[in-house]
file start35.txt (compact mmCIF, C-alpha atoms)
# COMPACT_ATOMS: atom_id res chain seq x y z
CA MET A 1478 -9.69 -5.23 -33.00
CA ARG A 1479 -5.92 -5.33 -32.73
CA ASP A 1480 -5.56 -4.57 -36.43
CA GLY A 1481 -8.06 -1.72 -36.23
CA ILE A 1482 -6.13 -0.10 -33.40
CA ALA A 1483 -2.79 -0.60 -35.15
CA ILE A 1484 -4.16 1.07 -38.29
CA ALA A 1485 -5.69 3.91 -36.28
CA ARG A 1486 -2.31 4.52 -34.62
CA LEU A 1487 -0.83 5.02 -38.08
CA GLY A 1488 -3.22 7.94 -38.47
CA ILE A 1489 -5.54 6.10 -40.84
CA PRO A 1490 -9.24 6.17 -39.92
CA ALA A 1491 -10.25 2.64 -39.00
CA VAL A 1492 -13.22 0.77 -37.63
CA ALA A 1493 -13.04 -2.77 -36.31
CA LEU A 1494 -15.74 -5.25 -37.26
CA VAL A 1495 -16.39 -7.51 -34.27
CA THR A 1496 -18.94 -10.31 -34.17
CA ASP A 1497 -21.33 -10.64 -31.30
CA LYS A 1498 -19.59 -13.66 -29.76
CA PHE A 1499 -16.24 -11.84 -29.77
CA TRP A 1500 -17.50 -8.49 -28.48
CA PRO A 1501 -16.10 -9.03 -24.94
CA GLN A 1502 -12.71 -9.94 -26.42
CA GLY A 1503 -12.86 -6.74 -28.48
CA ASP A 1504 -13.37 -4.78 -25.27
CA PHE A 1505 -10.47 -6.62 -23.62
CA VAL A 1506 -8.06 -5.94 -26.48
CA ALA A 1507 -9.13 -2.29 -26.79
CA ASN A 1508 -8.58 -1.77 -23.06
CA SER A 1509 -5.25 -3.62 -22.95
CA LEU A 1510 -3.95 -1.61 -25.92
CA GLY A 1511 -4.96 1.66 -24.27
CA MET A 1512 -7.67 2.63 -26.74
CA PRO A 1513 -10.90 1.62 -25.00
CA ASP A 1514 -13.03 3.77 -27.30
CA ALA A 1515 -11.57 2.41 -30.52
CA PRO A 1516 -14.41 2.49 -33.09
CA ARG A 1517 -16.08 -0.84 -33.67
CA VAL A 1518 -19.23 -2.16 -35.25
CA ARG A 1519 -21.05 -5.24 -34.05
CA LEU A 1520 -21.74 -8.04 -36.50
CA PRO A 1521 -23.91 -11.10 -36.01
CA HIS A 1522 -22.11 -14.39 -35.39
CA PRO A 1523 -21.14 -16.32 -37.40
CA VAL A 1524 -20.21 -14.41 -40.51
CA ALA A 1525 -17.45 -16.56 -42.02
CA GLY A 1526 -18.72 -19.53 -43.96
CA THR A 1527 -22.35 -18.44 -44.06
CA GLY A 1528 -22.49 -17.97 -47.82
CA GLU A 1529 -22.12 -15.07 -50.20
CA ALA A 1530 -25.77 -13.99 -50.10
CA ASN A 1531 -25.65 -13.70 -46.32
CA LEU A 1532 -22.36 -11.79 -46.44
CA GLU A 1533 -23.99 -9.28 -48.78
CA ARG A 1534 -27.00 -8.94 -46.49
CA ILE A 1535 -24.74 -8.29 -43.51
CA ALA A 1536 -22.62 -5.83 -45.48
CA ASP A 1537 -25.70 -3.90 -46.55
CA ALA A 1538 -26.99 -3.83 -42.99
CA ILE A 1539 -23.80 -2.58 -41.34
CA ALA A 1540 -22.42 -0.25 -44.02
CA PRO A 1541 -24.18 2.82 -42.55
CA ALA A 1542 -22.78 2.04 -39.10
CA ILE A 1543 -19.26 1.75 -40.52
CA VAL A 1544 -19.60 5.12 -42.26
CA GLU A 1545 -21.00 6.62 -39.09
CA ALA A 1546 -18.05 5.28 -37.04
CA LEU A 1547 -15.53 6.60 -39.54
CA VAL A 1548 -16.89 10.13 -39.77
CA HIS A 1549 -17.33 10.69 -36.04
CA MET B 1457 5.78 -4.83 -5.70
CA THR B 1458 2.69 -6.80 -6.64
CA GLY B 1459 -0.54 -5.54 -5.07
CA MET B 1460 -1.59 -7.34 -1.88
CA LEU B 1461 -5.01 -8.72 -1.04
CA SER B 1462 -6.06 -9.51 2.50
CA ALA B 1463 -8.27 -12.25 3.89
CA ALA B 1464 -9.22 -13.66 7.29
CA ASN B 1465 -7.71 -17.08 6.64
CA GLU B 1466 -6.47 -19.46 3.94
CA ALA B 1467 -9.94 -20.67 2.97
CA ALA B 1468 -11.24 -17.12 2.56
CA ALA B 1469 -8.15 -16.18 0.57
CA LEU B 1470 -8.68 -19.13 -1.75
CA ASP B 1471 -12.33 -18.20 -2.26
CA ARG B 1472 -11.29 -14.65 -3.07
CA LEU B 1473 -8.74 -15.84 -5.66
CA HIS B 1474 -11.42 -17.97 -7.32
CA GLU B 1475 -13.85 -15.00 -7.31
CA LEU B 1476 -11.23 -12.82 -8.98
CA ASN B 1477 -10.68 -15.45 -11.72
CA CYS B 1478 -7.06 -15.74 -10.66
CA THR B 1479 -7.07 -19.55 -10.61
CA ASP B 1480 -7.38 -22.30 -13.21
CA GLY B 1481 -10.51 -23.52 -11.42
CA LEU B 1482 -8.65 -25.86 -9.11
CA PRO B 1483 -7.53 -24.93 -5.59
CA VAL B 1484 -4.22 -23.08 -5.48
CA VAL B 1485 -1.64 -22.49 -2.80
CA VAL B 1486 -2.35 -19.01 -1.46
CA PRO B 1487 0.56 -16.78 -2.52
CA THR B 1488 1.39 -15.13 0.79
CA GLU B 1489 4.17 -12.57 0.88
CA ALA B 1490 6.51 -14.98 2.63
CA ARG B 1491 5.87 -17.83 0.19
CA VAL B 1492 6.38 -15.57 -2.81
CA ALA B 1493 9.56 -14.15 -1.28
CA ARG B 1494 11.00 -17.66 -0.85
CA MET B 1495 10.04 -18.61 -4.40
CA ALA B 1496 11.55 -15.45 -5.88
CA LEU B 1497 14.70 -15.94 -3.82
CA ALA B 1498 15.11 -19.43 -5.21
CA SER B 1499 15.35 -18.01 -8.74
CA GLY B 1500 18.54 -16.21 -7.78
CA LEU B 1501 17.23 -13.23 -9.73
CA ASP B 1502 16.12 -9.77 -8.63
CA ARG B 1503 12.42 -10.05 -7.90
CA ASP B 1504 11.75 -6.84 -9.83
CA LEU B 1505 13.58 -8.08 -12.91
CA ALA B 1506 11.20 -7.88 -15.89
CA LEU B 1507 11.36 -10.95 -18.10
CA GLY B 1508 9.10 -9.30 -20.67
CA GLU B 1509 5.60 -8.15 -21.52
CA MET B 1510 2.97 -10.89 -21.69
CA GLY B 1511 -0.01 -10.62 -24.00
CA PRO B 1512 -2.77 -10.16 -24.63
CA GLY B 1513 -3.17 -8.19 -21.38
CA LYS B 1514 0.33 -6.67 -21.66
CA GLY B 1515 1.24 -7.53 -18.07
CA ILE B 1516 4.90 -7.23 -17.14
CA ALA B 1517 6.26 -10.63 -16.19
CA THR B 1518 8.56 -9.78 -13.30
CA VAL B 1519 10.34 -12.52 -11.39
CA GLU B 1520 8.03 -11.72 -8.47
CA LYS B 1521 4.88 -12.21 -10.51
CA VAL B 1522 6.24 -15.44 -11.94
CA ALA B 1523 6.98 -16.51 -8.36
CA VAL B 1524 3.35 -15.80 -7.46
CA ALA B 1525 2.27 -18.16 -10.24
CA ALA B 1526 4.76 -20.80 -9.10
CA VAL B 1527 3.52 -20.63 -5.51
CA MET B 1528 -0.10 -20.86 -6.61
CA ALA B 1529 0.71 -23.85 -8.83
CA GLY B 1530 2.27 -25.79 -5.96
CA CYS B 1531 5.88 -25.59 -7.12
CA LEU B 1532 8.78 -26.20 -4.80
CA PRO B 1533 11.26 -23.31 -4.81
CA ASP B 1534 13.76 -25.62 -6.51
CA TYR B 1535 11.57 -25.58 -9.62
CA MET B 1536 11.90 -21.83 -10.19
CA PRO B 1537 14.72 -21.99 -12.78
CA LEU B 1538 12.52 -24.17 -14.97
CA VAL B 1539 9.45 -21.97 -14.49
CA VAL B 1540 11.49 -18.87 -15.34
CA ALA B 1541 12.92 -20.59 -18.43
CA ALA B 1542 9.44 -21.60 -19.59
CA VAL B 1543 8.16 -18.04 -19.15
CA LYS B 1544 11.17 -16.65 -21.04
CA ALA B 1545 10.49 -19.11 -23.85
CA VAL B 1546 6.85 -18.13 -24.34
CA LEU B 1547 7.82 -14.44 -24.21
CA ASP B 1548 10.10 -14.88 -27.22
CA PRO B 1549 8.30 -12.87 -29.94
CA ARG B 1550 8.60 -15.80 -32.34
CA PHE B 1551 6.29 -17.80 -30.06
CA ASP B 1552 3.40 -15.41 -30.85
CA LEU B 1553 1.97 -15.73 -27.33
CA THR B 1554 -0.42 -12.79 -27.63
CA GLU B 1555 -2.11 -14.29 -30.66
CA MET B 1556 -1.87 -17.80 -29.25
CA GLN B 1557 -3.67 -16.83 -26.05
CA ALA B 1558 -6.45 -15.25 -28.09
CA THR B 1559 -6.98 -17.89 -30.76
CA THR B 1560 -10.09 -20.05 -31.04
CA HIS B 1561 -7.80 -23.09 -31.50
CA CYS B 1562 -7.27 -25.38 -28.50
CA THR B 1563 -3.49 -24.82 -28.31
CA ALA B 1564 -1.49 -24.95 -25.08
CA PRO B 1565 2.24 -24.54 -24.43
CA LEU B 1566 3.89 -27.93 -24.05
CA ILE B 1567 7.11 -27.76 -22.02
CA LEU B 1568 9.84 -30.28 -22.85
CA VAL B 1569 12.85 -30.38 -20.51
CA ASN B 1570 16.30 -31.64 -21.52
CA GLY B 1571 19.59 -32.02 -19.72
CA PRO B 1572 20.70 -32.55 -16.12
CA ALA B 1573 17.98 -30.28 -14.74
CA ARG B 1574 15.58 -33.19 -15.29
CA HIS B 1575 17.29 -34.86 -12.34
CA ASP B 1576 18.56 -31.87 -10.39
CA ILE B 1577 15.21 -30.05 -10.41
CA GLY B 1578 12.13 -32.04 -9.64
CA PRO B 1579 12.85 -34.72 -10.84
CA ILE B 1580 10.99 -34.24 -14.11
CA ALA B 1581 9.21 -37.42 -15.14
CA CYS B 1582 10.27 -38.65 -18.58
CA GLY B 1583 9.00 -42.24 -18.61
CA PHE B 1584 5.74 -43.98 -17.83
CA GLY B 1585 2.85 -41.53 -17.65
CA ALA B 1586 5.10 -38.51 -18.03
CA LEU B 1587 2.18 -36.45 -19.37
CA GLY B 1588 -0.24 -37.79 -16.79
CA PRO B 1589 -0.89 -37.28 -13.09
CA GLY B 1590 1.36 -38.13 -10.18
CA HIS B 1591 4.50 -36.14 -10.93
CA ARG B 1592 4.71 -33.02 -8.81
CA ALA B 1593 7.35 -31.19 -10.82
CA ASN B 1594 5.72 -31.87 -14.20
CA ALA B 1595 2.28 -30.98 -12.87
CA SER B 1596 3.20 -27.81 -11.02
CA ILE B 1597 5.73 -26.37 -13.49
CA GLY B 1598 3.27 -26.63 -16.37
CA ARG B 1599 0.54 -25.24 -14.16
CA ALA B 1600 2.74 -22.31 -13.11
CA LEU B 1601 3.15 -21.30 -16.74
CA ARG B 1602 -0.63 -21.46 -17.24
CA LEU B 1603 -1.29 -19.37 -14.12
CA ALA B 1604 1.25 -16.82 -15.34
CA MET B 1605 -0.57 -16.71 -18.68
CA ILE B 1606 -3.85 -16.14 -16.83
CA ASN B 1607 -2.74 -13.59 -14.25
CA ILE B 1608 0.12 -11.81 -16.02
CA GLY B 1609 -0.98 -12.30 -19.63
CA GLY B 1610 -4.67 -11.90 -18.89
CA GLY B 1611 -5.78 -15.01 -20.80
CA ARG B 1612 -9.26 -15.82 -19.50
CA PRO B 1613 -11.79 -18.03 -21.29
CA GLY B 1614 -14.46 -16.32 -23.34
CA GLU B 1615 -13.01 -12.87 -22.73
CA SER B 1616 -9.43 -12.93 -23.97
CA ASP B 1617 -8.66 -16.65 -24.36
CA MET B 1618 -11.10 -17.54 -27.11
CA ALA B 1619 -10.34 -21.28 -27.40
CA LEU B 1620 -13.61 -22.86 -28.44
CA LEU B 1621 -13.01 -25.86 -26.19
CA GLY B 1622 -9.38 -25.91 -25.13
CA HIS B 1623 -7.90 -29.21 -23.99
CA PRO B 1624 -6.70 -30.70 -20.70
CA GLY B 1625 -3.09 -29.72 -21.45
CA LYS B 1626 -4.15 -26.15 -20.78
CA PHE B 1627 -4.03 -27.01 -17.07
CA THR B 1628 -0.49 -28.35 -17.28
CA TYR B 1629 1.62 -29.83 -20.10
CA CYS B 1630 5.19 -30.61 -19.10
CA LEU B 1631 7.55 -33.57 -19.41
CA GLY B 1632 11.22 -34.39 -19.84
CA GLU B 1633 12.95 -36.27 -22.63
CA ASP B 1634 14.03 -39.73 -21.53
CA GLU B 1635 17.59 -39.22 -22.69
CA GLU B 1636 18.83 -42.29 -20.82
CA ALA B 1637 16.36 -44.61 -22.61
CA SER B 1638 16.84 -42.98 -26.01
CA PRO B 1639 19.00 -44.36 -28.82
CA LEU B 1640 19.16 -40.81 -30.22
CA PRO B 1641 21.22 -37.90 -28.91
CA PRO B 1642 19.17 -35.64 -26.62
CA LEU B 1643 17.03 -33.13 -28.50
CA HIS B 1644 18.90 -30.16 -27.06
CA VAL B 1645 22.24 -31.59 -28.22
CA ASP B 1646 20.93 -31.95 -31.76
CA LEU B 1647 19.78 -28.32 -31.46
CA GLY B 1648 23.36 -27.23 -30.69
CA PHE B 1649 23.50 -27.21 -26.90
CA ALA B 1650 26.07 -29.14 -24.87
CA PRO B 1651 25.00 -32.36 -23.12
CA GLU B 1652 25.65 -30.72 -19.74
CA ASP B 1653 23.35 -27.81 -20.62
CA SER B 1654 19.73 -27.93 -19.56
CA THR B 1655 17.03 -26.49 -21.77
CA VAL B 1656 13.31 -25.91 -21.92
CA THR B 1657 11.56 -26.22 -25.26
CA VAL B 1658 8.02 -24.86 -25.59
CA ILE B 1659 5.67 -25.56 -28.46
CA GLY B 1660 2.05 -24.42 -28.85
CA ALA B 1661 0.45 -27.81 -29.02
CA GLU B 1662 -2.82 -29.65 -29.44
CA ALA B 1663 -3.53 -32.51 -27.10
CA PRO B 1664 -1.30 -35.47 -27.95
CA HIS B 1665 -2.65 -37.99 -30.47
CA SER B 1666 -1.90 -41.62 -29.67
CA VAL B 1667 -0.14 -43.58 -32.44
CA LEU B 1668 -0.47 -47.36 -32.16
CA PHE B 1669 2.28 -49.40 -33.77
CA GLY B 1670 3.47 -52.94 -33.17
CA GLY B 1671 6.94 -53.53 -34.53
CA ASP B 1672 7.97 -56.76 -36.29
CA GLY B 1673 11.61 -57.75 -36.11
CA ASP B 1674 11.19 -59.95 -39.21
CA ASP B 1675 9.80 -57.10 -41.28
CA PRO B 1676 12.48 -55.04 -43.07
CA GLU B 1677 9.85 -52.36 -43.67
CA SER B 1678 9.00 -51.97 -39.99
CA ALA B 1679 10.67 -48.57 -39.61
CA GLU B 1680 8.99 -47.20 -42.73
CA ARG B 1681 5.59 -48.41 -41.57
CA LEU B 1682 6.14 -46.77 -38.20
CA LEU B 1683 7.02 -43.50 -39.90
CA GLU B 1684 3.88 -43.74 -42.01
CA CYS B 1685 1.77 -44.28 -38.88
CA LEU B 1686 3.40 -41.32 -37.16
CA ALA B 1687 2.77 -39.13 -40.21
CA ILE B 1688 -0.93 -40.02 -40.18
CA GLY B 1689 -1.16 -38.88 -36.58
CA LEU B 1690 1.05 -35.85 -37.01
CA ALA B 1691 -0.63 -34.13 -39.92
CA ASN B 1692 -4.03 -35.60 -40.58
CA ILE B 1693 -5.86 -33.43 -43.02
CA VAL B 1694 -8.06 -31.64 -40.50
CA THR B 1695 -5.15 -30.33 -38.41
CA ASN B 1696 -3.91 -26.76 -38.64
CA ASN B 1697 -0.53 -28.20 -39.63
CA ALA B 1698 -2.05 -29.76 -42.74
CA VAL B 1699 -4.24 -26.84 -43.72
CA LEU B 1700 -2.31 -23.74 -42.69
CA THR B 1701 1.15 -25.37 -43.09
CA GLY B 1702 4.46 -23.79 -42.18
CA GLY B 1703 4.31 -24.46 -38.45
CA ALA B 1704 6.06 -26.86 -36.12
CA ALA B 1705 5.00 -30.14 -34.52
CA LEU B 1706 6.31 -32.68 -32.05
CA VAL B 1707 6.69 -36.45 -32.10
CA LEU B 1708 7.12 -38.19 -28.77
CA LEU B 1709 8.59 -41.61 -29.52
CA ASN B 1710 8.39 -44.21 -26.82
CA PRO B 1711 11.80 -45.93 -26.40
CA GLU B 1712 10.66 -49.08 -28.22
CA HIS B 1713 9.54 -47.14 -31.28
CA ALA B 1714 12.70 -45.03 -31.13
CA ALA B 1715 14.73 -48.26 -31.22
CA VAL B 1716 12.86 -49.46 -34.34
CA LEU B 1717 13.94 -46.30 -36.13
CA ALA B 1718 17.48 -46.23 -34.75
CA ASP B 1719 18.01 -49.91 -35.63
CA ALA B 1720 17.11 -49.01 -39.20
CA GLY B 1721 19.99 -46.53 -39.18
CA LEU B 1722 17.85 -43.42 -38.89
CA ASP B 1723 19.05 -40.45 -36.86
CA ARG B 1724 16.84 -37.51 -35.81
CA ARG B 1725 17.51 -35.60 -39.02
CA ARG B 1726 16.60 -38.53 -41.27
CA ILE B 1727 13.49 -39.32 -39.24
CA ALA B 1728 12.36 -35.72 -39.61
CA GLU B 1729 13.15 -35.67 -43.33
CA ARG B 1730 11.09 -38.77 -43.94
CA LEU B 1731 8.19 -37.44 -41.89
CA HIS B 1732 8.44 -34.17 -43.81
CA GLY B 1733 7.99 -36.11 -47.02
CA LEU B 1734 5.15 -38.24 -45.67
CA CYS B 1735 3.19 -35.36 -44.16
CA ALA B 1736 1.80 -34.03 -47.41
CA HIS B 1737 -1.63 -33.69 -48.97
CA SER B 1738 -2.81 -33.26 -52.53
CA PRO B 1739 -4.36 -29.94 -53.59
CA GLU B 1740 -7.46 -31.89 -54.50
CA ALA B 1741 -7.83 -33.29 -50.99
CA LEU B 1742 -7.20 -29.91 -49.43
CA ALA B 1743 -9.79 -28.36 -51.74
CA ARG B 1744 -12.33 -30.91 -50.53
CA TYR B 1745 -11.64 -30.76 -46.79
CA ALA B 1746 -10.29 -27.25 -46.30
CA ALA B 1747 -12.01 -25.20 -48.95
CA ALA B 1748 -12.47 -22.22 -46.64
CA PHE B 1749 -8.70 -21.77 -46.65
CA ALA B 1750 -8.31 -22.04 -50.42
CA PRO B 1751 -6.76 -18.56 -50.79
CA ARG B 1752 -3.88 -19.67 -48.61
CA ARG B 1753 -2.96 -22.43 -51.05
CA THR B 1754 -0.70 -21.22 -53.80
CA GLN B 1755 1.18 -24.34 -54.82
CA SER B 1756 0.71 -25.92 -58.22
CA VAL B 1757 -2.19 -28.26 -58.75
CA GLY B 1758 -1.53 -31.96 -58.56
CA HIS B 1759 1.64 -31.98 -56.46
CA PRO B 1760 1.22 -32.95 -52.80
CA ARG B 1761 2.03 -30.07 -50.51
CA SER B 1762 4.10 -30.72 -47.38
CA CYS B 1763 2.58 -29.68 -44.09
CA PHE B 1764 5.95 -28.39 -42.92
CA ALA B 1765 8.30 -25.86 -44.48
CA ASP B 1766 11.40 -27.68 -43.24
CA PRO B 1767 12.17 -31.04 -41.61
CA GLU B 1768 13.64 -29.09 -38.68
CA ASP B 1769 10.11 -27.93 -37.86
CA ILE B 1770 9.31 -31.50 -36.79
CA LEU B 1771 10.71 -31.93 -33.29
CA ILE B 1772 11.45 -35.48 -32.21
CA ALA B 1773 11.92 -36.52 -28.61
CA VAL B 1774 11.92 -39.83 -26.76
CA ALA B 1775 9.63 -40.16 -23.76
CA GLY B 1776 7.16 -42.42 -22.05
CA GLY B 1777 7.12 -46.04 -21.02
CA THR B 1778 8.14 -48.64 -23.55
CA GLY B 1779 5.46 -50.35 -25.63
CA LEU B 1780 2.99 -49.87 -28.46
CA TYR B 1781 2.18 -46.18 -28.22
CA SER B 1782 3.93 -43.03 -29.27
CA MET B 1783 2.39 -39.59 -29.48
CA ALA B 1784 1.99 -37.23 -32.40
CA VAL B 1785 1.48 -33.65 -31.28
CA PRO B 1786 0.17 -31.29 -33.96
CA THR B 1787 0.18 -27.56 -33.24
CA TRP B 1788 -1.72 -24.35 -33.74
CA CYS B 1789 0.88 -22.83 -36.14
CA GLY B 1790 -0.89 -19.49 -36.43
CA GLY B 1791 0.42 -16.03 -35.63
CA PRO B 1792 2.87 -13.86 -37.54
CA HIS B 1793 5.80 -16.20 -36.80
CA ARG B 1794 3.71 -19.37 -37.11
CA ASN B 1795 4.10 -20.00 -33.39
CA ARG B 1796 7.71 -21.22 -33.56
CA ALA B 1797 8.92 -23.83 -31.10
CA ILE B 1798 11.37 -22.05 -28.79
CA THR B 1799 14.28 -23.57 -26.86
CA VAL B 1800 15.97 -21.60 -24.08
CA PRO B 1801 18.73 -22.60 -21.65
CA VAL B 1802 17.86 -23.17 -18.01
CA GLU B 1803 19.95 -20.93 -15.81
CA THR B 1804 20.63 -23.24 -12.90
CA GLY B 1805 23.77 -21.30 -11.96
CA GLN B 1806 21.58 -18.53 -10.55
CA HIS B 1807 19.78 -20.93 -8.26
CA CYS B 1808 19.75 -19.96 -4.60
CA GLU B 1809 19.22 -22.17 -1.56
CA VAL B 1810 16.29 -20.91 0.47
CA PRO B 1811 15.67 -21.19 4.20
CA SER B 1812 13.34 -23.95 5.36
CA THR B 1813 9.67 -23.15 5.79
CA GLY B 1814 8.76 -21.46 9.05
CA HIS B 1815 5.41 -21.66 10.81
CA ALA B 1816 5.00 -17.92 10.61
CA GLU B 1817 4.46 -17.90 6.89
CA VAL B 1818 1.09 -19.66 7.08
CA ASN B 1819 -0.35 -16.72 8.99
CA LEU B 1820 -2.25 -14.36 6.70
call {"tool": "encode", "arguments": {"input": "start35.txt", "output": "structure tokens"}}
result
Amino acid sequence: MRDGIAIARLGIPAVALVTDKFWPQGDFVANSLGMPDAPRVRLPHPVAGTGEANLERIADAIAPAIVEALVH
Amino acid sequence: MTGMLSAANEAAALDRLHELNCTDGLPVVVPTEARVARMALASGLDRDLALGEMGPGKGIATVEKVAVAAVMAGCLPDYMPLVVAAVKAVLDPRFDLTEMQATTHCTAPLILVNGPARHDIGPIACGFGALGPGHRANASIGRALRLAMINIGGGRPGESDMALLGHPGKFTYCLGEDEEASPLPPLHVDLGFAPEDSTVTVIGAEAPHSVLFGGDGDDPESAERLLECLAIGLANIVTNNAVLTGGAALVLLNPEHAAVLADAGLDRRRIAERLHGLCAHSPEALARYAAAFAPRRTQSVGHPRSCFADPEDILIAVAGGTGLYSMAVPTWCGGPHRNRAITVPVETGQHCEVPSTGHAEVNL
């Protein structure tokens, strides 16, 4: 979340990928950094360590939401 | 001026502070205006003085807000110079507090006090049970830092403090070096401070790991075996120190173990150098036990990789009762600066005598 906001402040379109378990922390960081509406897409948890096939499934599932967040 | 809450009495005020998630879960001393004023006065600093911005909530750590934390923690006003020094230390950008508060690791700031302030303020326990219960200054100074991190920094579990479990040192984690029982110079002197200076060193630490070692006066290898035991505790292969590398760590030698090393002619630098050499793992072992972090490993295959970039990253202090047990204290060592250990001087010269407690201040 912090990285996404830092990149957005450089003028580069950015969307943060936040897993379900860390969604409240994403809200906290976005609020504390003064960008409460910073674009973010919710991922299932866990993602890391779940295997390449699962990563590809998740990527396929969320790609449209990432594009949607970037173009709006 | 910090915002004021109102309540009918002390019990209602305490309930309200718990409801607002302003406590560590234990009862606190209600920070009335009069109590906070006395605490801030004892610092000798302007109560509006900003010590810095505290993440991840970006709260401004004014002397007044730090005084609120100190009151809530149960500090005596005399402790304020140490609380202020500890807050200044964690606000040093090299400590990476914002990231440290947010990490899933269990890390907590351990406060190590050196110099005359150990006696003049508190006293700070350095010997038997120094990290345990029963020492008001140790308990409340460490707790004050935690309450500042909660209420100024905004670190709350599951929302902004994402430690998966945490550890009991997140309530309080403070001790002094037992300089009088140590065969080594005080840590702060080896760091370049004068013996008459007082310092606070903070390090983002795991819970301490007990290291059992029984010395043998007839064994010429006793010191080396002790160092090997300490290295096993300090950087076992499932610690962040072993896997991420490049951070700091702390060894708390009990006086008996310190004497084993000193009698072998080892000073702090040589102890740290030997531990630096011993705290190393083969690429093969790291590949087996820390495969998820493989991209971080860039060293050549076959050569053991040290857990520490420099021997100076291994802090060594003498504390505790004398006997079989020392403590190895691995760390988080994440963040852009790898969560450096930070030492700051304690400004006791600013200290201000405060008037005795009056009955009026207990009225809410």
call {"tool": "interface_residues", "arguments": {"input": "start35.txt", "of": "chain A", "to": "chain B", "cutoff": "6 Å", "atoms": "only C-alpha atoms", "output": "list in words"}}
result
Pro1501, Gln1502 and Ser1509 of chain A
call {"tool": "residues_around", "arguments": {"input": "start35.txt", "residues": "region 1512-1528 of chain A", "least_positions_apart": "5", "cutoff": "10 Å", "atoms": "all atoms listed in the file", "output": "MDAnalysis selection string"}}
result
(chainID A and resid 1478:1479 1481:1482 1485:1486 1490:1500 1503:1507 1533 1535:1536 1538:1540 1542:1543 1545:1547 1549) or (chainID B and resid 1748)
call {"tool": "atom_distance", "arguments": {"input": "start35.txt", "atom1": "CA of Ala1525 (chain B)", "atom2": "CA of Phe1584 (chain B)"}}
result
27.1 Å
call {"tool": "residues_around", "arguments": {"input": "start35.txt", "residues": "region 1795-1800 of chain B", "least_positions_apart": "3", "cutoff": "10 Å", "atoms": "all atoms listed in the file", "output": "ChimeraX atom specification"}}
result
/B:1541-1553,1555-1556,1565-1570,1644,1647,1649,1654-1661,1702-1706,1769-1771,1787-1792,1803
call {"tool": "atom_distance", "arguments": {"input": "start35.txt", "atom1": "CA of Ala1698 (chain B)", "atom2": "CA of Thr1559 (chain B)"}}
result
17.6 Å
call {"tool": "atom_distance", "arguments": {"input": "start35.txt", "atom1": "CA of Gly1481 (chain B)", "atom2": "CA of Phe1627 (chain B)"}}
result
9.3 Å
